[in-house]
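Content type PDB, N, CA and C atoms, from the file structure.pdb:
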```pdb
MODEL        1
ATOM      1  N   MET A   1     -19.050   5.585   2.875
ATOM      2  CA  MET A   1     -17.699   5.196   2.522
ATOM      3  C   MET A   1     -17.098   6.318   1.659
ATOM      4  N   SER A   2     -15.890   6.697   1.965
ATOM      5  CA  SER A   2     -15.234   7.776   1.224
ATOM      6  C   SER A   2     -14.807   7.296  -0.165
ATOM      7  N   PRO A   3     -14.557   8.230  -1.082
ATOM      8  CA  PRO A   3     -14.050   7.831  -2.399
ATOM      9  C   PRO A   3     -12.734   7.053  -2.301
ATOM     10  N   ALA A   4     -11.886   7.411  -1.348
ATOM     11  CA  ALA A   4     -10.613   6.708  -1.176
ATOM     12  C   ALA A   4     -10.844   5.264  -0.747
ATOM     13  N   GLU A   5     -11.754   5.041   0.186
ATOM     14  CA  GLU A   5     -12.031   3.677   0.644
ATOM     15  C   GLU A   5     -12.705   2.858  -0.457
ATOM     16  N   THR A   6     -13.575   3.495  -1.225
ATOM     17  CA  THR A   6     -14.211   2.816  -2.354
ATOM     18  C   THR A   6     -13.154   2.353  -3.347
ATOM     19  N   LEU A   7     -12.188   3.217  -3.638
ATOM     20  CA  LEU A   7     -11.114   2.851  -4.561
ATOM     21  C   LEU A   7     -10.258   1.718  -3.994
ATOM     22  N   TYR A   8      -9.981   1.755  -2.702
ATOM     23  CA  TYR A   8      -9.235   0.662  -2.065
ATOM     24  C   TYR A   8      -9.932  -0.677  -2.334
ATOM     25  N   HIS A   9     -11.236  -0.733  -2.108
ATOM     26  CA  HIS A   9     -11.983  -1.980  -2.313
ATOM     27  C   HIS A   9     -12.002  -2.385  -3.788
ATOM     28  N   GLN A  10     -12.069  -1.415  -4.672
ATOM     29  CA  GLN A  10     -12.033  -1.709  -6.110
ATOM     30  C   GLN A  10     -10.683  -2.327  -6.486
ATOM     31  N   ILE A  11      -9.610  -1.745  -6.002
ATOM     32  CA  ILE A  11      -8.277  -2.287  -6.271
ATOM     33  C   ILE A  11      -8.166  -3.694  -5.701
ATOM     34  N   ALA A  12      -8.679  -3.904  -4.495
ATOM     35  CA  ALA A  12      -8.639  -5.239  -3.870
ATOM     36  C   ALA A  12      -9.347  -6.268  -4.740
ATOM     37  N   ALA A  13     -10.473  -5.887  -5.322
ATOM     38  CA  ALA A  13     -11.237  -6.810  -6.154
ATOM     39  C   ALA A  13     -10.546  -7.102  -7.485
ATOM     40  N   GLU A  14      -9.789  -6.137  -7.992
ATOM     41  CA  GLU A  14      -9.150  -6.276  -9.302
ATOM     42  C   GLU A  14      -7.746  -6.876  -9.247
ATOM     43  N   LEU A  15      -7.131  -6.891  -8.085
ATOM     44  CA  LEU A  15      -5.747  -7.354  -7.964
ATOM     45  C   LEU A  15      -5.723  -8.874  -7.844
ATOM     46  N   PRO A  16      -5.129  -9.556  -8.814
ATOM     47  CA  PRO A  16      -5.135 -11.017  -8.773
ATOM     48  C   PRO A  16      -4.400 -11.555  -7.547
ATOM     49  N   ASP A  17      -5.020 -12.490  -6.894
ATOM     50  CA  ASP A  17      -4.432 -13.191  -5.748
ATOM     51  C   ASP A  17      -4.350 -12.380  -4.462
ATOM     52  N   ALA A  18      -4.743 -11.113  -4.481
ATOM     53  CA  ALA A  18      -4.704 -10.321  -3.251
ATOM     54  C   ALA A  18      -5.916 -10.674  -2.387
ATOM     55  N   VAL A  19      -5.695 -10.704  -1.087
ATOM     56  CA  VAL A  19      -6.742 -11.041  -0.137
ATOM     57  C   VAL A  19      -6.880  -9.879   0.846
ATOM     58  N   GLU A  20      -8.120  -9.444   1.078
ATOM     59  CA  GLU A  20      -8.338  -8.390   2.066
ATOM     60  C   GLU A  20      -8.171  -8.958   3.467
ATOM     61  N   SER A  21      -7.521  -8.170   4.319
ATOM     62  CA  SER A  21      -7.236  -8.608   5.681
ATOM     63  C   SER A  21      -7.144  -7.368   6.563
ATOM     64  N   LYS A  22      -6.517  -7.518   7.719
ATOM     65  CA  LYS A  22      -6.297  -6.399   8.650
ATOM     66  C   LYS A  22      -4.837  -6.403   9.092
ATOM     67  N   MET A  23      -4.307  -5.208   9.311
ATOM     68  CA  MET A  23      -2.964  -5.037   9.857
ATOM     69  C   MET A  23      -2.997  -3.798  10.735
ATOM     70  N   PHE A  24      -2.616  -3.922  11.976
ATOM     71  CA  PHE A  24      -2.668  -2.820  12.938
ATOM     72  C   PHE A  24      -4.069  -2.220  13.022
ATOM     73  N   GLY A  25      -5.088  -3.036  12.822
ATOM     74  CA  GLY A  25      -6.465  -2.585  12.880
ATOM     75  C   GLY A  25      -6.950  -1.888  11.626
ATOM     76  N   ALA A  26      -6.077  -1.762  10.623
ATOM     77  CA  ALA A  26      -6.447  -1.103   9.371
ATOM     78  C   ALA A  26      -6.701  -2.148   8.289
ATOM     79  N   LYS A  27      -7.461  -1.759   7.290
ATOM     80  CA  LYS A  27      -7.701  -2.643   6.155
ATOM     81  C   LYS A  27      -6.398  -2.802   5.372
ATOM     82  N   CYS A  28      -6.096  -4.025   4.966
ATOM     83  CA  CYS A  28      -4.889  -4.243   4.177
ATOM     84  C   CYS A  28      -5.116  -5.318   3.129
ATOM     85  N   LEU A  29      -4.188  -5.404   2.207
ATOM     86  CA  LEU A  29      -4.179  -6.440   1.184
ATOM     87  C   LEU A  29      -2.954  -7.303   1.406
ATOM     88  N   LYS A  30      -3.151  -8.612   1.295
ATOM     89  CA  LYS A  30      -2.040  -9.551   1.468
ATOM     90  C   LYS A  30      -1.881 -10.406   0.218
ATOM     91  N   ALA A  31      -0.639 -10.797  -0.027
ATOM     92  CA  ALA A  31      -0.305 -11.698  -1.129
ATOM     93  C   ALA A  31      -0.600 -13.130  -0.690
ATOM     94  N   PRO A  32      -0.579 -14.080  -1.632
ATOM     95  CA  PRO A  32      -0.826 -15.483  -1.279
ATOM     96  C   PRO A  32       0.118 -16.041  -0.201
ATOM     97  N   ASN A  33       1.320 -15.466  -0.089
ATOM     98  CA  ASN A  33       2.262 -15.931   0.933
ATOM     99  C   ASN A  33       1.988 -15.335   2.315
ATOM    100  N   GLY A  34       0.910 -14.558   2.433
ATOM    101  CA  GLY A  34       0.525 -13.980   3.720
ATOM    102  C   GLY A  34       1.166 -12.641   4.035
ATOM    103  N   LYS A  35       2.034 -12.160   3.158
ATOM    104  CA  LYS A  35       2.716 -10.883   3.388
ATOM    105  C   LYS A  35       1.833  -9.721   2.939
ATOM    106  N   ALA A  36       1.780  -8.686   3.762
ATOM    107  CA  ALA A  36       0.993  -7.493   3.430
ATOM    108  C   ALA A  36       1.690  -6.705   2.333
ATOM    109  N   LEU A  37       0.900  -6.178   1.400
ATOM    110  CA  LEU A  37       1.452  -5.390   0.299
ATOM    111  C   LEU A  37       0.932  -3.966   0.291
ATOM    112  N   ALA A  38      -0.246  -3.739   0.850
ATOM    113  CA  ALA A  38      -0.827  -2.401   0.864
ATOM    114  C   ALA A  38      -1.804  -2.288   2.023
ATOM    115  N   MET A  39      -2.012  -1.049   2.439
ATOM    116  CA  MET A  39      -2.904  -0.802   3.558
ATOM    117  C   MET A  39      -3.672   0.496   3.285
ATOM    118  N   TYR A  40      -4.931   0.510   3.678
ATOM    119  CA  TYR A  40      -5.747   1.722   3.600
ATOM    120  C   TYR A  40      -5.618   2.426   4.944
ATOM    121  N   TRP A  41      -5.207   3.702   4.930
ATOM    122  CA  TRP A  41      -4.946   4.433   6.173
ATOM    123  C   TRP A  41      -5.380   5.889   6.025
ATOM    124  N   LYS A  42      -6.444   6.260   6.703
ATOM    125  CA  LYS A  42      -6.892   7.656   6.763
ATOM    126  C   LYS A  42      -7.005   8.300   5.379
ATOM    127  N   ASP A  43      -7.762   7.663   4.501
ATOM    128  CA  ASP A  43      -7.987   8.132   3.131
ATOM    129  C   ASP A  43      -6.714   8.214   2.290
ATOM    130  N   CYS A  44      -5.704   7.469   2.682
ATOM    131  CA  CYS A  44      -4.476   7.313   1.906
ATOM    132  C   CYS A  44      -4.247   5.819   1.710
ATOM    133  N   MET A  45      -3.326   5.481   0.830
ATOM    134  CA  MET A  45      -2.878   4.097   0.700
ATOM    135  C   MET A  45      -1.413   4.055   1.060
ATOM    136  N   VAL A  46      -1.022   2.955   1.672
ATOM    137  CA  VAL A  46       0.361   2.727   2.071
ATOM    138  C   VAL A  46       0.803   1.460   1.357
ATOM    139  N   PHE A  47       1.955   1.519   0.684
ATOM    140  CA  PHE A  47       2.426   0.407  -0.132
ATOM    141  C   PHE A  47       3.795  -0.075   0.333
ATOM    142  N   LYS A  48       4.002  -1.387   0.297
ATOM    143  CA  LYS A  48       5.300  -1.991   0.603
ATOM    144  C   LYS A  48       6.098  -1.989  -0.697
ATOM    145  N   LEU A  49       7.092  -1.115  -0.777
ATOM    146  CA  LEU A  49       7.865  -0.940  -2.000
ATOM    147  C   LEU A  49       9.352  -0.937  -1.702
ATOM    148  N   THR A  50      10.132  -1.174  -2.739
ATOM    149  CA  THR A  50      11.581  -1.179  -2.606
ATOM    150  C   THR A  50      12.204  -0.573  -3.856
ATOM    151  N   GLY A  51      13.460  -0.196  -3.770
ATOM    152  CA  GLY A  51      14.223   0.260  -4.921
ATOM    153  C   GLY A  51      13.617   1.439  -5.656
ATOM    154  N   ASP A  52      13.627   1.335  -6.994
ATOM    155  CA  ASP A  52      13.140   2.427  -7.836
ATOM    156  C   ASP A  52      11.660   2.721  -7.599
ATOM    157  N   ALA A  53      10.870   1.688  -7.337
ATOM    158  CA  ALA A  53       9.438   1.893  -7.094
ATOM    159  C   ALA A  53       9.226   2.736  -5.842
ATOM    160  N   ALA A  54       9.992   2.467  -4.783
ATOM    161  CA  ALA A  54       9.886   3.258  -3.551
ATOM    162  C   ALA A  54      10.341   4.694  -3.799
ATOM    163  N   ALA A  55      11.437   4.857  -4.515
ATOM    164  CA  ALA A  55      11.947   6.201  -4.810
ATOM    165  C   ALA A  55      10.945   6.999  -5.640
ATOM    166  N   ALA A  56      10.332   6.347  -6.630
ATOM    167  CA  ALA A  56       9.339   7.030  -7.462
ATOM    168  C   ALA A  56       8.123   7.441  -6.635
ATOM    169  N   ALA A  57       7.673   6.568  -5.761
ATOM    170  CA  ALA A  57       6.522   6.899  -4.912
ATOM    171  C   ALA A  57       6.865   8.053  -3.975
ATOM    172  N   LEU A  58       8.057   8.030  -3.405
ATOM    173  CA  LEU A  58       8.461   9.098  -2.484
ATOM    174  C   LEU A  58       8.637  10.438  -3.184
ATOM    175  N   SER A  59       8.820  10.418  -4.492
ATOM    176  CA  SER A  59       8.989  11.675  -5.230
ATOM    177  C   SER A  59       7.657  12.414  -5.428
ATOM    178  N   LEU A  60       6.542  11.746  -5.151
ATOM    179  CA  LEU A  60       5.230  12.381  -5.290
ATOM    180  C   LEU A  60       5.016  13.371  -4.144
ATOM    181  N   ASP A  61       4.480  14.531  -4.475
ATOM    182  CA  ASP A  61       4.246  15.568  -3.473
ATOM    183  C   ASP A  61       3.286  15.052  -2.395
ATOM    184  N   GLY A  62       3.713  15.077  -1.153
ATOM    185  CA  GLY A  62       2.884  14.620  -0.044
ATOM    186  C   GLY A  62       3.115  13.169   0.345
ATOM    187  N   ALA A  63       3.786  12.402  -0.511
ATOM    188  CA  ALA A  63       4.106  11.016  -0.167
ATOM    189  C   ALA A  63       5.240  11.024   0.851
ATOM    190  N   GLN A  64       5.248  10.002   1.710
ATOM    191  CA  GLN A  64       6.262   9.949   2.760
ATOM    192  C   GLN A  64       6.405   8.528   3.289
ATOM    193  N   VAL A  65       7.516   8.292   3.966
ATOM    194  CA  VAL A  65       7.676   7.012   4.656
ATOM    195  C   VAL A  65       6.581   6.945   5.706
ATOM    196  N   PHE A  66       5.888   5.829   5.742
ATOM    197  CA  PHE A  66       4.763   5.658   6.665
ATOM    198  C   PHE A  66       5.270   5.640   8.099
ATOM    199  N   THR A  67       4.737   6.550   8.912
ATOM    200  CA  THR A  67       5.123   6.677  10.314
ATOM    201  C   THR A  67       3.843   6.736  11.143
ATOM    202  N   PRO A  68       3.275   5.565  11.489
ATOM    203  CA  PRO A  68       1.999   5.562  12.202
ATOM    204  C   PRO A  68       2.091   6.092  13.628
ATOM    205  N   MET A  69       3.290   6.039  14.221
ATOM    206  CA  MET A  69       3.503   6.579  15.568
ATOM    207  C   MET A  69       4.708   7.504  15.500
ATOM    208  N   ASP A  70       4.741   8.510  16.362
ATOM    209  CA  ASP A  70       5.837   9.470  16.364
ATOM    210  C   ASP A  70       7.189   8.777  16.402
ATOM    211  N   ASN A  71       8.056   9.193  15.504
ATOM    212  CA  ASN A  71       9.445   8.721  15.442
ATOM    213  C   ASN A  71       9.582   7.214  15.280
ATOM    214  N   ARG A  72       8.583   6.551  14.650
ATOM    215  CA  ARG A  72       8.652   5.104  14.432
ATOM    216  C   ARG A  72       8.305   4.795  12.978
ATOM    217  N   PRO A  73       9.159   5.239  12.041
ATOM    218  CA  PRO A  73       8.869   4.991  10.633
ATOM    219  C   PRO A  73       8.929   3.495  10.313
ATOM    220  N   MET A  74       8.084   3.075   9.389
ATOM    221  CA  MET A  74       8.067   1.685   8.947
ATOM    222  C   MET A  74       8.867   1.597   7.647
ATOM    223  N   ASN A  75      10.040   1.040   7.732
ATOM    224  CA  ASN A  75      10.942   0.933   6.594
ATOM    225  C   ASN A  75      10.282   0.183   5.432
ATOM    226  N   GLY A  76      10.335   0.773   4.252
ATOM    227  CA  GLY A  76       9.798   0.130   3.065
ATOM    228  C   GLY A  76       8.321   0.380   2.827
ATOM    229  N   TRP A  77       7.655   1.079   3.724
ATOM    230  CA  TRP A  77       6.235   1.380   3.570
ATOM    231  C   TRP A  77       6.088   2.849   3.218
ATOM    232  N   ILE A  78       5.453   3.115   2.060
ATOM    233  CA  ILE A  78       5.313   4.480   1.555
ATOM    234  C   ILE A  78       3.842   4.878   1.544
ATOM    235  N   LEU A  79       3.521   5.977   2.225
ATOM    236  CA  LEU A  79       2.164   6.514   2.260
ATOM    237  C   LEU A  79       1.978   7.430   1.047
ATOM    238  N   VAL A  80       0.929   7.153   0.271
ATOM    239  CA  VAL A  80       0.631   7.938  -0.930
ATOM    240  C   VAL A  80      -0.766   8.540  -0.772
ATOM    241  N   PRO A  81      -0.866   9.870  -0.793
ATOM    242  CA  PRO A  81      -2.158  10.526  -0.591
ATOM    243  C   PRO A  81      -3.150  10.270  -1.721
ATOM    244  N   PHE A  82      -4.416  10.525  -1.442
ATOM    245  CA  PHE A  82      -5.496  10.345  -2.396
ATOM    246  C   PHE A  82      -5.317  11.224  -3.638
ATOM    247  N   ASP A  83      -4.539  12.294  -3.539
ATOM    248  CA  ASP A  83      -4.249  13.143  -4.695
ATOM    249  C   ASP A  83      -3.675  12.334  -5.856
ATOM    250  N   TYR A  84      -3.074  11.197  -5.544
ATOM    251  CA  TYR A  84      -2.456  10.328  -6.556
ATOM    252  C   TYR A  84      -3.226   9.018  -6.711
ATOM    253  N   ALA A  85      -4.522   9.075  -6.506
ATOM    254  CA  ALA A  85      -5.372   7.882  -6.576
ATOM    255  C   ALA A  85      -5.232   7.147  -7.903
ATOM    256  N   GLU A  86      -4.996   7.886  -8.977
ATOM    257  CA  GLU A  86      -4.854   7.236 -10.283
ATOM    258  C   GLU A  86      -3.616   6.341 -10.349
ATOM    259  N   ARG A  87      -2.702   6.493  -9.429
ATOM    260  CA  ARG A  87      -1.486   5.664  -9.392
ATOM    261  C   ARG A  87      -1.586   4.498  -8.408
ATOM    262  N   TRP A  88      -2.624   4.497  -7.587
ATOM    263  CA  TRP A  88      -2.727   3.484  -6.534
ATOM    264  C   TRP A  88      -2.716   2.056  -7.066
ATOM    265  N   LYS A  89      -3.465   1.782  -8.124
ATOM    266  CA  LYS A  89      -3.521   0.404  -8.617
ATOM    267  C   LYS A  89      -2.150  -0.051  -9.110
ATOM    268  N   GLY A  90      -1.462   0.798  -9.851
ATOM    269  CA  GLY A  90      -0.124   0.453 -10.327
ATOM    270  C   GLY A  90       0.849   0.224  -9.185
ATOM    271  N   LEU A  91       0.759   1.047  -8.156
ATOM    272  CA  LEU A  91       1.616   0.873  -6.986
ATOM    273  C   LEU A  91       1.282  -0.423  -6.258
ATOM    274  N   ALA A  92       0.000  -0.748  -6.189
ATOM    275  CA  ALA A  92      -0.417  -2.005  -5.563
ATOM    276  C   ALA A  92       0.129  -3.197  -6.354
ATOM    277  N   GLU A  93       0.117  -3.109  -7.666
ATOM    278  CA  GLU A  93       0.666  -4.188  -8.499
ATOM    279  C   GLU A  93       2.162  -4.345  -8.276
ATOM    280  N   GLU A  94       2.872  -3.225  -8.170
ATOM    281  CA  GLU A  94       4.318  -3.284  -7.893
ATOM    282  C   GLU A  94       4.576  -3.874  -6.509
ATOM    283  N   ALA A  95       3.774  -3.475  -5.538
ATOM    284  CA  ALA A  95       3.929  -3.998  -4.182
ATOM    285  C   ALA A  95       3.652  -5.498  -4.140
ATOM    286  N   LEU A  96       2.634  -5.946  -4.863
ATOM    287  CA  LEU A  96       2.320  -7.373  -4.913
ATOM    288  C   LEU A  96       3.475  -8.154  -5.518
ATOM    289  N   ALA A  97       4.027  -7.660  -6.616
ATOM    290  CA  ALA A  97       5.169  -8.336  -7.240
ATOM    291  C   ALA A  97       6.347  -8.412  -6.276
ATOM    292  N   TYR A  98       6.570  -7.359  -5.505
ATOM    293  CA  TYR A  98       7.672  -7.338  -4.541
ATOM    294  C   TYR A  98       7.444  -8.335  -3.396
ATOM    295  N   VAL A  99       6.286  -8.279  -2.753
ATOM    296  CA  VAL A  99       6.080  -9.124  -1.569
ATOM    297  C   VAL A  99       5.937 -10.608  -1.925
ATOM    298  N   ARG A 100       5.554 -10.892  -3.154
ATOM    299  CA  ARG A 100       5.488 -12.300  -3.573
ATOM    300  C   ARG A 100       6.854 -12.982  -3.474
ATOM    301  N   GLN A 101       7.916 -12.190  -3.590
ATOM    302  CA  GLN A 101       9.266 -12.728  -3.551
ATOM    303  C   GLN A 101       9.791 -12.954  -2.133
ATOM    304  N   ILE A 102       9.093 -12.440  -1.145
ATOM    305  CA  ILE A 102       9.543 -12.532   0.245
ATOM    306  C   ILE A 102       9.167 -13.904   0.802
ATOM    307  N   GLU A 103      10.129 -14.558   1.406
ATOM    308  CA  GLU A 103       9.874 -15.852   2.051
ATOM    309  C   GLU A 103       9.012 -15.657   3.266
ATOM    310  N   LYS A 104       8.198 -16.662   3.581
ATOM    311  CA  LYS A 104       7.356 -16.603   4.788
ATOM    312  C   LYS A 104       8.187 -16.578   6.038
TER     313      LYS A 104
ENDMDL
END
```
Would it be possible to restate this file's structure as structure tokens?
Amino acid sequence: MSPAETLYHQIAAELPDAVESKMFGAKCLKAPNGKALAMYWKDCMVFKLTGDAAAAALSLDGAQVFTPMDNRPMNGWILVPFDYAERWKGLAEEALAYVRQIEK
């Protein structure tokens, strides 16, 4: 298991109410309402963010709107490289707070 995947599992264990699941065949974390908040993707983490949190994440060097297929960006999903692993837990907490507000 890579250091990035190990950190993903650590964050999953420490994040209150988050449940490990799958999305598009990738490991993900879901809030109690069933909405995905983060995903582990190719030694990076992808977070569901909005507003200032999304802008701050996108300002990180190498971070980008998550585009799993050519020309098909996923609005509101920000890919953050392992270079910023120390920020992953905080971003996951922000994503959890955001998706908790989304109706099923």
message: Using all atoms listed in the file, which protein or nucleic acid residues come within 6 Å of range 26-38 of chain A? Drop anything in the same chain fewer than 5 positions from it, and give the result as number ranges by chain.
response: A: 17-21, 46-48, 95-96
- request: as a list in words, list the residues of chain A assigned to strand (DSSP E or B) by DSSP on the backbone atoms of this structure.
  value: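 Taking chain A and keeping strand (DSSP E or B) gives Val19, Glu20, Ser21, Lys22, Met23, Ala26, Lys27, Cys28, Leu29, Lys30, Ala36, Leu37, Ala38, Met39, Tyr40, Trp41, Cys44, Met45, Val46, Phe47, Lys48, Gln64, Val65, Trp77, Ile78, Leu79, Val80 and Pro81 of chain A.
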field: Residue nearest Glu94 in chain A - candidates A:Phe24, A:Asp61, A:Leu49, A:Trp41, atoms counted: all atoms listed in the file
entry: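 That would be A:Leu49, the residue with the smallest distance to Glu94 in chain A.
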- prompt: Closest to Glu93 in chain A among A:Leu79, A:Leu15, A:Cys44, A:Leu60, using all atoms listed in the file?
  reply: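 For Glu93 in chain A, the nearest of the candidates is A:Leu15.
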task: Using only C-alpha atoms, pick whichever of A:Met39, A:Met23, A:Ile78, A:Ala4 has the shortest atom-to-atom distance to Leu58 in chain A.
output: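 Answer, going by the shortest atom-to-atom distance: A:Ile78.
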- line: Here CA of Phe66 in chain A and atom C of Pro81 in chain A stand apart by 12.4 Å
field: Point-to-point distance from CA of Asn71 in chain A to atom N of Lys42 in chain A, Å rounded to tenths
entry: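 Computing the Euclidean distance for CA of Asn71 in chain A and atom N of Lys42 in chain A yields 18.3 Å.
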task: One decimal, Å: what's the distance from CA of Ala56 in chain A over to CA of Asp43 in chain A, could you say?
output: 20.3 Å
Please put the answer as JSON: centre and edge lengths, in Å with one decimal, of a box along x, y and z that encloses all listed atoms of range 27-30 of chain A plus 8 Å on each side.
```
{"center_x": -4.8, "center_y": -6.1, "center_z": 3.8, "size_x": 21.8, "size_y": 24.6, "size_z": 23.1}
```
message: Please list, as a list of chain:residue names, the residues that have an atom at most 12 Å away from (-7.7, 6.7, -7.8) in the coordinates of this file, counting only C-alpha atoms.
response: A:Ser2, A:Pro3, A:Ala4, A:Glu5, A:Thr6, A:Leu7, A:Tyr8, A:His9, A:Gln10, A:Ile11, A:Asp43, A:Cys44, A:Met45, A:Val80, A:Pro81, A:Phe82, A:Asp83, A:Tyr84, A:Ala85, A:Glu86, A:Arg87, A:Trp88, A:Lys89, A:Gly90, A:Leu91, A:Ala92
message: Run DSSP on the backbone and tell me which residues of range 5-56 of chain A come out as alpha helix (DSSP H); list them as a PyMOL selection string.
response: chain A and resi 5-14+51-56
message: Ranking A:Met1, A:Gly76, A:Gly25, A:Pro16 by minimum distance to Ala97 in chain A and counting only C-alpha atoms, which one comes first?
response: A:Pro16
